[in-house]
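Structure file final-v6.txt with compact mmCIF, C-alpha atoms (C1' of nucleotides):
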```
# COMPACT_ATOMS: atom_id res chain seq x y z
CA MET P 1 -169.91 2.34 -113.22
CA THR P 2 -167.87 2.23 -116.42
CA SER P 3 -165.52 5.12 -117.00
CA THR P 4 -164.99 6.78 -120.36
CA LEU P 5 -161.33 5.84 -120.44
CA GLN P 6 -162.17 2.25 -119.62
CA THR P 7 -164.39 2.13 -122.70
CA GLU P 8 -161.81 3.84 -124.89
CA LEU P 9 -159.14 1.32 -123.98
CA ARG P 10 -161.61 -1.59 -124.11
CA GLN P 11 -160.84 -2.56 -120.55
CA THR P 12 -163.10 -5.11 -118.98
CA ARG P 13 -162.15 -4.33 -115.40
CA PRO P 14 -162.58 -1.00 -113.65
CA PHE P 15 -159.42 0.77 -112.52
CA PRO P 16 -158.18 -0.31 -109.10
CA ARG P 17 -157.70 3.25 -107.81
CA ARG P 18 -158.77 6.71 -108.83
CA THR P 19 -155.09 7.72 -108.95
CA THR P 20 -154.48 5.05 -111.58
CA GLU P 21 -157.36 6.24 -113.69
CA ALA P 22 -156.22 9.84 -113.39
CA MET P 23 -152.64 8.99 -114.37
CA LEU P 24 -153.70 6.98 -117.39
CA SER P 25 -156.15 9.72 -118.33
CA ILE P 26 -153.32 12.22 -118.47
CA LEU P 27 -151.09 9.95 -120.55
CA ARG P 28 -153.94 9.08 -122.89
CA THR P 29 -155.11 12.67 -123.31
CA ALA P 30 -151.58 13.86 -124.02
CA ALA P 31 -151.19 11.13 -126.66
CA VAL P 32 -154.42 12.23 -128.33
CA LEU P 33 -153.43 15.90 -128.28
CA ASP P 34 -149.93 15.16 -129.53
CA HIS P 35 -151.32 13.10 -132.36
CA GLN P 36 -153.70 15.90 -133.33
CA LEU P 37 -150.91 18.46 -133.22
CA ASP P 38 -148.62 16.31 -135.32
CA ALA P 39 -151.38 15.89 -137.88
CA ALA P 40 -151.91 19.67 -137.98
CA LEU P 41 -148.18 20.36 -138.33
CA ARG P 42 -147.32 17.67 -140.86
CA PRO P 43 -148.59 19.56 -143.94
CA HIS P 44 -146.18 22.33 -142.95
CA GLY P 45 -143.26 19.93 -142.63
CA LEU P 46 -142.83 20.30 -138.87
CA THR P 47 -142.90 17.86 -135.98
CA SER P 48 -144.30 18.97 -132.66
CA THR P 49 -140.79 18.97 -131.17
CA GLN P 50 -139.55 21.29 -133.90
CA TYR P 51 -142.59 23.52 -133.49
CA ASN P 52 -141.85 23.72 -129.78
CA VAL P 53 -138.26 24.82 -130.45
CA LEU P 54 -139.35 27.49 -132.90
CA ARG P 55 -141.83 28.93 -130.39
CA ILE P 56 -139.14 28.97 -127.72
CA LEU P 57 -136.71 30.80 -129.98
CA ARG P 58 -139.37 33.25 -131.08
CA GLY P 59 -139.98 34.01 -127.42
CA ALA P 60 -136.28 34.65 -126.94
CA GLY P 61 -136.22 37.31 -129.65
CA THR P 62 -133.04 38.58 -131.25
CA GLU P 63 -130.88 37.60 -128.30
CA GLY P 64 -131.45 33.93 -128.97
CA LEU P 65 -130.71 31.04 -126.64
CA CYS P 66 -128.02 28.43 -126.33
CA GLY P 67 -128.78 24.72 -126.64
CA ARG P 68 -129.03 24.04 -122.95
CA GLU P 69 -131.46 26.91 -122.43
CA VAL P 70 -133.63 25.56 -125.22
CA ALA P 71 -133.58 22.13 -123.58
CA ASP P 72 -134.69 23.62 -120.26
CA ARG P 73 -137.73 25.18 -121.90
CA MET P 74 -138.90 22.13 -123.81
CA LEU P 75 -142.08 20.37 -122.74
CA ALA P 76 -140.38 16.98 -122.89
CA ARG P 77 -136.77 16.24 -122.10
CA VAL P 78 -134.92 15.83 -125.35
CA PRO P 79 -131.38 14.54 -125.55
CA ASP P 80 -129.48 15.30 -128.73
CA VAL P 81 -130.34 18.99 -128.89
CA PRO P 82 -127.34 19.67 -131.17
CA ARG P 83 -128.68 17.54 -133.98
CA LEU P 84 -132.21 18.83 -133.47
CA LEU P 85 -130.99 22.39 -133.94
CA GLU P 86 -128.77 21.30 -136.81
CA ARG P 87 -131.82 19.97 -138.66
CA LEU P 88 -133.72 23.20 -138.09
CA GLU P 89 -130.73 25.14 -139.38
CA ARG P 90 -130.58 23.00 -142.51
CA MET P 91 -134.26 23.84 -143.04
CA GLY P 92 -133.34 27.52 -142.79
CA LEU P 93 -135.67 28.08 -139.85
CA ILE P 94 -133.02 29.02 -137.33
CA ALA P 95 -129.43 30.31 -137.40
CA ARG P 96 -126.66 29.17 -135.09
CA GLU P 97 -123.65 31.14 -134.03
CA ARG P 98 -120.79 30.41 -131.68
CA ASP P 99 -120.96 32.86 -128.76
CA PRO P 100 -117.75 34.95 -128.84
CA ALA P 101 -117.95 35.67 -125.08
CA ASP P 102 -118.16 31.99 -124.11
CA ARG P 103 -117.10 29.81 -126.97
CA ARG P 104 -118.71 26.76 -125.43
CA HIS P 105 -122.15 28.20 -126.16
CA VAL P 106 -123.86 28.06 -129.51
CA THR P 107 -126.59 30.65 -129.71
CA GLY P 108 -129.65 29.76 -131.75
CA ARG P 109 -131.91 32.42 -133.25
CA ILE P 110 -135.08 32.11 -135.26
CA THR P 111 -134.89 33.39 -138.83
CA ARG P 112 -137.39 35.37 -140.87
CA LYS P 113 -138.35 32.13 -142.58
CA GLY P 114 -138.89 30.49 -139.20
CA LEU P 115 -141.10 33.35 -138.04
CA ASP P 116 -143.12 33.18 -141.25
CA LEU P 117 -143.61 29.46 -140.86
CA LEU P 118 -144.83 29.94 -137.29
CA GLU P 119 -147.34 32.53 -138.54
CA GLU P 120 -148.51 30.13 -141.21
CA VAL P 121 -148.92 27.26 -138.77
CA THR P 122 -150.63 29.11 -135.93
CA PRO P 123 -154.22 28.91 -137.19
CA ASP P 124 -154.01 25.13 -137.55
CA VAL P 125 -152.57 24.69 -134.08
CA ASP P 126 -155.15 27.02 -132.57
CA ALA P 127 -157.87 25.05 -134.29
CA VAL P 128 -156.78 21.89 -132.49
CA GLU P 129 -156.68 23.74 -129.20
CA GLN P 130 -160.14 25.16 -129.69
CA ALA P 131 -161.67 21.93 -130.93
CA ARG P 132 -160.42 20.05 -127.90
CA LEU P 133 -160.50 22.62 -125.14
CA GLY P 134 -162.71 25.40 -126.42
CA HIS P 135 -165.90 24.01 -124.92
CA LEU P 136 -164.61 23.75 -121.36
CA SER P 137 -165.80 26.24 -118.80
CA GLY P 138 -163.47 28.69 -117.09
CA PRO P 139 -163.61 26.91 -113.74
CA ALA P 140 -163.04 23.54 -115.43
CA LEU P 141 -159.88 24.87 -117.12
CA ALA P 142 -158.67 26.45 -113.89
CA GLY P 143 -159.23 23.18 -112.04
CA LEU P 144 -157.28 21.22 -114.63
CA ILE P 145 -154.38 23.65 -114.59
CA ARG P 146 -154.25 23.58 -110.80
CA GLY P 147 -154.52 19.80 -110.51
CA LEU P 148 -151.87 19.14 -113.14
CA ALA P 149 -149.47 21.58 -111.48
CA ALA P 150 -149.94 19.73 -108.20
CA ILE P 151 -149.08 16.46 -109.93
CA ARG P 152 -145.91 17.83 -111.49
CA GLN P 153 -144.94 19.21 -108.13
CA GLY P 154 -145.48 15.88 -106.39
CA ARG P 155 -145.77 15.38 -102.68
CA MET W 1 -149.89 36.57 -111.92
CA THR W 2 -147.22 34.07 -112.89
CA SER W 3 -148.38 30.51 -113.40
CA THR W 4 -146.46 27.49 -112.19
CA LEU W 5 -146.00 26.16 -115.71
CA GLN W 6 -144.73 29.52 -116.89
CA THR W 7 -141.99 29.34 -114.27
CA GLU W 8 -141.15 25.72 -115.08
CA LEU W 9 -140.65 26.50 -118.73
CA ARG W 10 -138.90 29.79 -117.95
CA GLN W 11 -141.40 31.73 -119.99
CA THR W 12 -141.25 35.50 -119.68
CA ARG W 13 -144.73 36.11 -121.04
CA PRO W 14 -148.00 34.84 -119.60
CA PHE W 15 -150.01 32.43 -121.75
CA PRO W 16 -152.35 34.14 -124.21
CA ARG W 17 -155.36 31.98 -123.31
CA ARG W 18 -156.32 29.64 -120.54
CA THR W 19 -156.90 26.91 -123.13
CA THR W 20 -153.27 27.23 -124.21
CA GLU W 21 -152.02 26.93 -120.66
CA ALA W 22 -154.25 23.93 -120.05
CA MET W 23 -153.09 22.17 -123.22
CA LEU W 24 -149.42 22.73 -122.46
CA SER W 25 -150.02 21.67 -118.86
CA ILE W 26 -151.34 18.34 -120.06
CA LEU W 27 -148.43 17.77 -122.45
CA ARG W 28 -145.91 18.80 -119.84
CA THR W 29 -147.42 16.71 -117.07
CA ALA W 30 -147.57 13.65 -119.31
CA ALA W 31 -143.91 14.13 -120.22
CA VAL W 32 -142.97 14.31 -116.54
CA LEU W 33 -145.00 11.21 -115.69
CA ASP W 34 -143.68 9.29 -118.67
CA HIS W 35 -140.14 10.16 -117.70
CA GLN W 36 -140.72 9.01 -114.12
CA LEU W 37 -142.27 5.77 -115.31
CA ASP W 38 -139.43 5.09 -117.71
CA ALA W 39 -136.94 5.68 -114.90
CA ALA W 40 -138.83 3.26 -112.65
CA LEU W 41 -139.02 0.61 -115.38
CA ARG W 42 -135.48 0.87 -116.71
CA PRO W 43 -133.84 -1.19 -113.94
CA HIS W 44 -136.23 -3.98 -114.91
CA GLY W 45 -135.33 -3.71 -118.60
CA LEU W 46 -138.72 -2.47 -119.76
CA THR W 47 -139.88 0.63 -121.61
CA SER W 48 -143.25 2.14 -120.77
CA THR W 49 -144.61 0.93 -124.11
CA GLN W 50 -143.57 -2.63 -123.35
CA TYR W 51 -144.99 -2.37 -119.85
CA ASN W 52 -148.27 -1.21 -121.33
CA VAL W 53 -148.39 -4.22 -123.67
CA LEU W 54 -147.69 -6.64 -120.84
CA ARG W 55 -150.49 -5.16 -118.73
CA ILE W 56 -152.88 -5.42 -121.67
CA LEU W 57 -151.99 -9.06 -122.27
CA ARG W 58 -152.26 -9.86 -118.58
CA GLY W 59 -155.75 -8.38 -118.66
CA ALA W 60 -156.63 -10.62 -121.58
CA GLY W 61 -155.72 -13.78 -119.69
CA THR W 62 -155.12 -17.12 -121.34
CA GLU W 63 -157.20 -16.25 -124.38
CA GLY W 64 -154.68 -13.65 -125.44
CA LEU W 65 -155.17 -10.96 -128.04
CA CYS W 66 -154.13 -10.43 -131.64
CA GLY W 67 -151.91 -7.53 -132.66
CA ARG W 68 -154.70 -5.25 -133.76
CA GLU W 69 -156.55 -5.71 -130.49
CA VAL W 70 -153.40 -4.84 -128.57
CA ALA W 71 -152.98 -1.69 -130.68
CA ASP W 72 -156.56 -0.63 -129.90
CA ARG W 73 -155.87 -0.83 -126.18
CA MET W 74 -152.61 1.08 -126.15
CA LEU W 75 -152.48 4.56 -124.61
CA ALA W 76 -150.62 5.96 -127.60
CA ARG W 77 -151.05 4.88 -131.18
CA VAL W 78 -148.13 2.68 -132.09
CA PRO W 79 -147.43 1.54 -135.62
CA ASP W 80 -145.19 -1.46 -136.01
CA VAL W 81 -146.95 -3.65 -133.47
CA PRO W 82 -145.53 -6.81 -135.07
CA ARG W 83 -141.94 -5.90 -134.25
CA LEU W 84 -142.90 -4.64 -130.81
CA LEU W 85 -144.42 -8.03 -130.01
CA GLU W 86 -141.49 -9.78 -131.65
CA ARG W 87 -139.11 -8.05 -129.25
CA LEU W 88 -141.22 -9.03 -126.26
CA GLU W 89 -141.25 -12.60 -127.52
CA ARG W 90 -137.46 -12.62 -127.84
CA MET W 91 -137.33 -11.48 -124.22
CA GLY W 92 -139.50 -14.45 -123.31
CA LEU W 93 -142.22 -12.24 -121.84
CA ILE W 94 -144.94 -13.17 -124.30
CA ALA W 95 -145.67 -16.06 -126.65
CA ARG W 96 -147.12 -15.70 -130.11
CA GLU W 97 -149.16 -18.23 -131.98
CA ARG W 98 -150.86 -18.19 -135.34
CA ASP W 99 -154.59 -18.50 -134.75
CA PRO W 100 -155.75 -21.76 -136.39
CA ALA W 101 -159.30 -20.45 -136.85
CA ASP W 102 -158.20 -17.32 -138.71
CA ARG W 103 -154.66 -17.68 -139.91
CA ARG W 104 -154.33 -13.92 -140.44
CA HIS W 105 -154.36 -13.40 -136.70
CA VAL W 106 -151.36 -13.87 -134.47
CA THR W 107 -152.47 -14.31 -130.89
CA GLY W 108 -150.17 -12.96 -128.20
CA ARG W 109 -150.22 -14.31 -124.66
CA ILE W 110 -148.25 -13.30 -121.63
CA THR W 111 -145.88 -15.95 -120.26
CA ARG W 112 -145.13 -16.95 -116.69
CA LYS W 113 -141.94 -14.91 -116.95
CA GLY W 114 -143.93 -11.92 -118.15
CA LEU W 115 -146.35 -12.22 -115.24
CA ASP W 116 -143.47 -12.49 -112.79
CA LEU W 117 -141.82 -9.41 -114.24
CA LEU W 118 -145.08 -7.46 -113.92
CA GLU W 119 -145.30 -8.50 -110.26
CA GLU W 120 -141.74 -7.40 -109.71
CA VAL W 121 -142.29 -4.05 -111.37
CA THR W 122 -145.62 -3.12 -109.81
CA PRO W 123 -144.33 -1.64 -106.53
CA ASP W 124 -142.03 0.74 -108.40
CA VAL W 125 -144.78 1.88 -110.74
CA ASP W 126 -147.22 2.32 -107.88
CA ALA W 127 -144.62 4.38 -106.05
CA VAL W 128 -144.51 6.85 -108.93
CA GLU W 129 -148.29 7.01 -109.02
CA GLN W 130 -148.52 7.65 -105.29
CA ALA W 131 -145.69 10.17 -105.20
CA ARG W 132 -147.30 12.23 -107.93
CA LEU W 133 -151.01 11.73 -107.39
CA GLY W 134 -151.34 10.37 -103.88
CA HIS W 135 -151.75 13.74 -102.22
CA LEU W 136 -154.67 14.89 -104.38
CA SER W 137 -158.14 14.96 -102.87
CA GLY W 138 -160.94 12.78 -104.15
CA PRO W 139 -162.82 15.67 -105.75
CA ALA W 140 -159.63 16.94 -107.37
CA LEU W 141 -159.00 13.54 -108.97
CA ALA W 142 -162.62 13.29 -110.09
CA GLY W 143 -162.42 16.76 -111.63
CA LEU W 144 -159.25 15.88 -113.52
CA ILE W 145 -160.68 12.64 -114.84
CA ARG W 146 -163.87 14.39 -115.97
CA GLY W 147 -162.06 17.33 -117.59
CA LEU W 148 -159.58 15.16 -119.45
CA ALA W 149 -162.35 12.94 -120.77
CA ALA W 150 -164.13 16.03 -122.10
CA ILE W 151 -160.94 17.07 -123.90
CA ARG W 152 -160.45 13.67 -125.53
CA GLN W 153 -164.08 13.76 -126.58
CA GLY W 154 -163.75 17.21 -128.12
CA ARG W 155 -166.63 19.39 -129.16
C1' DT A 1 -99.50 28.44 -112.98
C1' DG A 2 -101.30 23.91 -113.05
C1' DA A 3 -104.56 20.45 -111.76
C1' DC A 4 -109.20 19.52 -111.56
C1' DA A 5 -114.03 19.91 -111.86
C1' DT A 6 -117.82 21.75 -114.49
C1' DT A 7 -120.32 23.02 -118.44
C1' DA A 8 -121.77 22.94 -123.32
C1' DG A 9 -121.44 20.67 -127.48
C1' DG A 10 -120.32 17.24 -130.66
C1' DT A 11 -119.92 12.26 -132.44
C1' DG A 12 -120.61 7.37 -133.04
C1' DT A 13 -123.65 3.67 -132.43
C1' DT A 14 -127.81 1.25 -131.56
C1' DA A 15 -132.58 0.70 -131.10
C1' DT A 16 -136.90 2.17 -132.04
C1' DA A 17 -140.51 4.94 -134.32
C1' DA A 18 -142.57 6.16 -138.55
C1' DC A 19 -143.85 5.41 -143.13
C1' DA A 20 -144.66 2.99 -147.41
C1' DG A 21 -145.46 -0.85 -149.64
C1' DG A 22 -146.32 -6.05 -149.99
C1' DT A 23 -148.40 -10.79 -148.92
C1' DA A 24 -151.42 -14.15 -147.00
C1' DT A 25 -155.99 -15.08 -145.36
C1' DC A 26 -160.72 -14.53 -145.10
C1' DA A 27 -165.48 -12.67 -146.29
C1' DT A 28 -168.69 -11.39 -149.83
C1' DA A 29 -171.02 -11.24 -154.00
C1' DT A 30 -171.74 -12.37 -158.55
C1' DA H 1 -166.12 -20.93 -158.61
C1' DT H 2 -164.06 -16.71 -159.14
C1' DA H 3 -163.30 -12.03 -158.54
C1' DT H 4 -163.18 -8.35 -155.35
C1' DG H 5 -162.32 -6.11 -151.29
C1' DA H 6 -161.07 -5.98 -146.56
C1' DT H 7 -158.24 -7.41 -142.81
C1' DA H 8 -154.00 -8.58 -140.31
C1' DC H 9 -149.57 -9.03 -140.45
C1' DC H 10 -144.92 -8.64 -142.29
C1' DT H 11 -140.82 -6.31 -144.48
C1' DG H 12 -137.70 -2.74 -146.13
C1' DT H 13 -136.21 1.75 -145.53
C1' DT H 14 -135.43 6.10 -143.41
C1' DA H 15 -135.25 9.29 -139.80
C1' DT H 16 -135.12 10.19 -135.23
C1' DA H 17 -134.60 9.18 -130.32
C1' DA H 18 -131.68 7.35 -126.87
C1' DC H 19 -127.40 6.29 -124.91
C1' DA H 20 -122.53 6.46 -124.04
C1' DC H 21 -118.51 8.59 -124.69
C1' DC H 22 -115.45 12.34 -126.13
C1' DT H 23 -113.66 17.17 -126.80
C1' DA H 24 -113.28 22.10 -126.07
C1' DA H 25 -113.82 25.96 -123.13
C1' DT H 26 -114.39 27.98 -118.73
C1' DG H 27 -114.14 28.48 -113.75
C1' DT H 28 -111.92 27.33 -109.26
C1' DC H 29 -108.49 26.68 -106.02
C1' DA H 30 -104.22 25.07 -104.20
```
Written form, structure tokens:
Amino acid sequence: MTSTLQTELRQTRPFPRRTTEAMLSILRTAAVLDHQLDAALRPHGLTSTQYNVLRILRGAGTEGLCGREVADRMLARVPDVPRLLERLERMGLIARERDPADRRHVTGRITRKGLDLLEEVTPDVDAVEQARLGHLSGPALAGLIRGLAAIRQGR
Amino acid sequence: MTSTLQTELRQTRPFPRRTTEAMLSILRTAAVLDHQLDAALRPHGLTSTQYNVLRILRGAGTEGLCGREVADRMLARVPDVPRLLERLERMGLIARERDPADRRHVTGRITRKGLDLLEEVTPDVDAVEQARLGHLSGPALAGLIRGLAAIRQGR
DNA sequence: TGACATTAGGTGTTATAACAGGTATCATAT
DNA sequence: ATATGATACCTGTTATAACACCTAATGTCA
């Protein structure tokens, strides 16, 4: 029996274990999704990392978040948050301000321009999501979500 | 109901759609796995991309593969395959040779040293796989593999 | 108060990813 | 035989990621 992934990666041998196939399936699927998202965001001048930050800061509202809090909410661990935020500030999408209460913190807030850009980008991102995941049944989605959570949790 | 992912990313709001939660779950889980793999490979001086290339070339045996064929088999699309292979050659893990039949092709082959390194690394990689996926049931793994394939396929 | 640890950012450097061309080789067709 | 196009690789450049180290601000405790 030849698996789909095996064909995609032009492997001649079947995977040694189901766990191996599942792990590679996750990594491969994420790469495909990330590539699709980047392609959807590129015309708007955003990378998927930057898009992620903007969504996080939109969720935080007017209170904003400091760099470490942003890092905690990112999908992937990103070192060098300062320069990431600095780039977004140069683009005018966020504002940064030194917290007067604790001067170690730099609070980031999304700007009007950042909110507008998110609005503009949303349909394209949703289109990717729907094209890839829209045809899955409710139980299939629930199963995926549950299984992936168990993997992140680990034994 | 608060989802696991929502807690992990410190989100205050539930996800708007199940498709959104599933997509972010995939991206998040892949990031966690990739991070674990990188941590396991680092002591051996390999990145996960390089590890992937070595496995591909091991699978190809003594015939080897040209750069484009390697690229086709990678989990993530990687431009700049020439320099990636060049680095592996400098490390002595692969050998490159201009194909005499078609001088456009550069055939890459894994070396003895590369094979030895793969052997050395395997237990650590398998440990990550088992720690994260070892406790899932057979049907759960099968469901994941099937669902993820459907997502890569798209509608 | 003063020493010390902790936390959050910043900075400097290097390596790699990403992108845009450019060149050599081969296949195809006139 | 020559022109054309396609393929595979290489090269130069830029931006970003990754890493290590450093500084400022705060909290803690003798």
Query raised in the report: Using only C-alpha atoms (C1' of nucleotides), which chain A residues lie at most 8 Å away from chain P, written as a PyMOL selection string?
Result: chain A and resi 8-10
Query raised in the report: Which chain P residues are at most 7 Å from chain W (counting only C-alpha atoms), as an MDAnalysis selection string?
Result: chainID P and resid 4 9:10 18:20 22 25:32 72:76 129 131:135 140:141 144:145 147:149 151:152 154:155
Report task. For chain H, list the residues within 10 Å of chain W, counting only C-alpha atoms (C1' of nucleotides), and write the list as a PyMOL selection string. Result -> chain H and resi 7-10
Keeping only C-alpha atoms (C1' of nucleotides), write the selected residues to a file as a PDB file, keeping the file's coordinate frame.
```pdb
ATOM      1  C1'  DT H   7    -158.240  -7.410-142.810  1.00  0.00           C
ATOM      2  C1'  DA H   8    -154.000  -8.580-140.310  1.00  0.00           C
ATOM      3  C1'  DC H   9    -149.570  -9.030-140.450  1.00  0.00           C
ATOM      4  C1'  DC H  10    -144.920  -8.640-142.290  1.00  0.00           C
TER       5       DC H  10
END
```
Query raised in the report: Could you work out how far atom CA of Val78 of chain W lies from atom CA of Pro123 of chain W, giving the answer in Å with one decimal?
Result: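 Spanning atom CA of Pro123 of chain W to atom CA of Val78 of chain W is a straight-line distance of 26.2 Å.
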Requested in this report: Would you kindly return, as JSON, numbers by chain, each protein, DNA or RNA residue with an atom no farther than 12 Å from any atom of DA3 of chain A, considering all atoms listed in the file and excluding same-chain residues fewer than 4 positions away?
Outcome: {"H": [28, 29, 30]}
Store the residues picked out above in a file with C-alpha atoms (C1' of nucleotides), as a PDB file, keeping the file's coordinate frame.
```pdb
ATOM      1  C1'  DT H  28    -111.920  27.330-109.260  1.00  0.00           C
ATOM      2  C1'  DC H  29    -108.490  26.680-106.020  1.00  0.00           C
ATOM      3  C1'  DA H  30    -104.220  25.070-104.200  1.00  0.00           C
TER       4       DA H  30
END
```
Query raised in the report: Looking at P:Leu46, P:Arg90, P:Gly61, P:Val125, which one is nearest to Thr107 of chain P, with distances taken over only C-alpha atoms?
Result: P:Gly61
Requested in this report: Find the spatial neighbours of DT11 of chain A, counting all atoms listed in the file, within a cut-off of 10 Å - ignore same-chain residues fewer than 6 positions away - and output them as a PyMOL selection string.
Outcome: chain H and resi 21-23
**Report entry** For atom CA of Thr62 of chain W and atom CA of Leu85 of chain W, the interatomic separation in Å (one decimal)
**Finding:** 16.5 Å
Query raised in the report: Hey, can you pull every residue with an atom no more than 10 Å from (-132.5, -0.5, -130.1), using all atoms listed in the file, and send it as an MDAnalysis selection string?
Result: (chainID A and resid 14:16) or (chainID H and resid 17:19)
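We find atom CA of Leu84 of chain P and atom CA of Gln36 of chain P to be spaced 21.7 Å apart.
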Requested in this report: Measuring atom to atom with all atoms listed in the file, identify which of P:Thr2, P:Ala101, P:Pro79, P:Ile110 is nearest to DT26 of chain H.
Outcome: P:Ala101
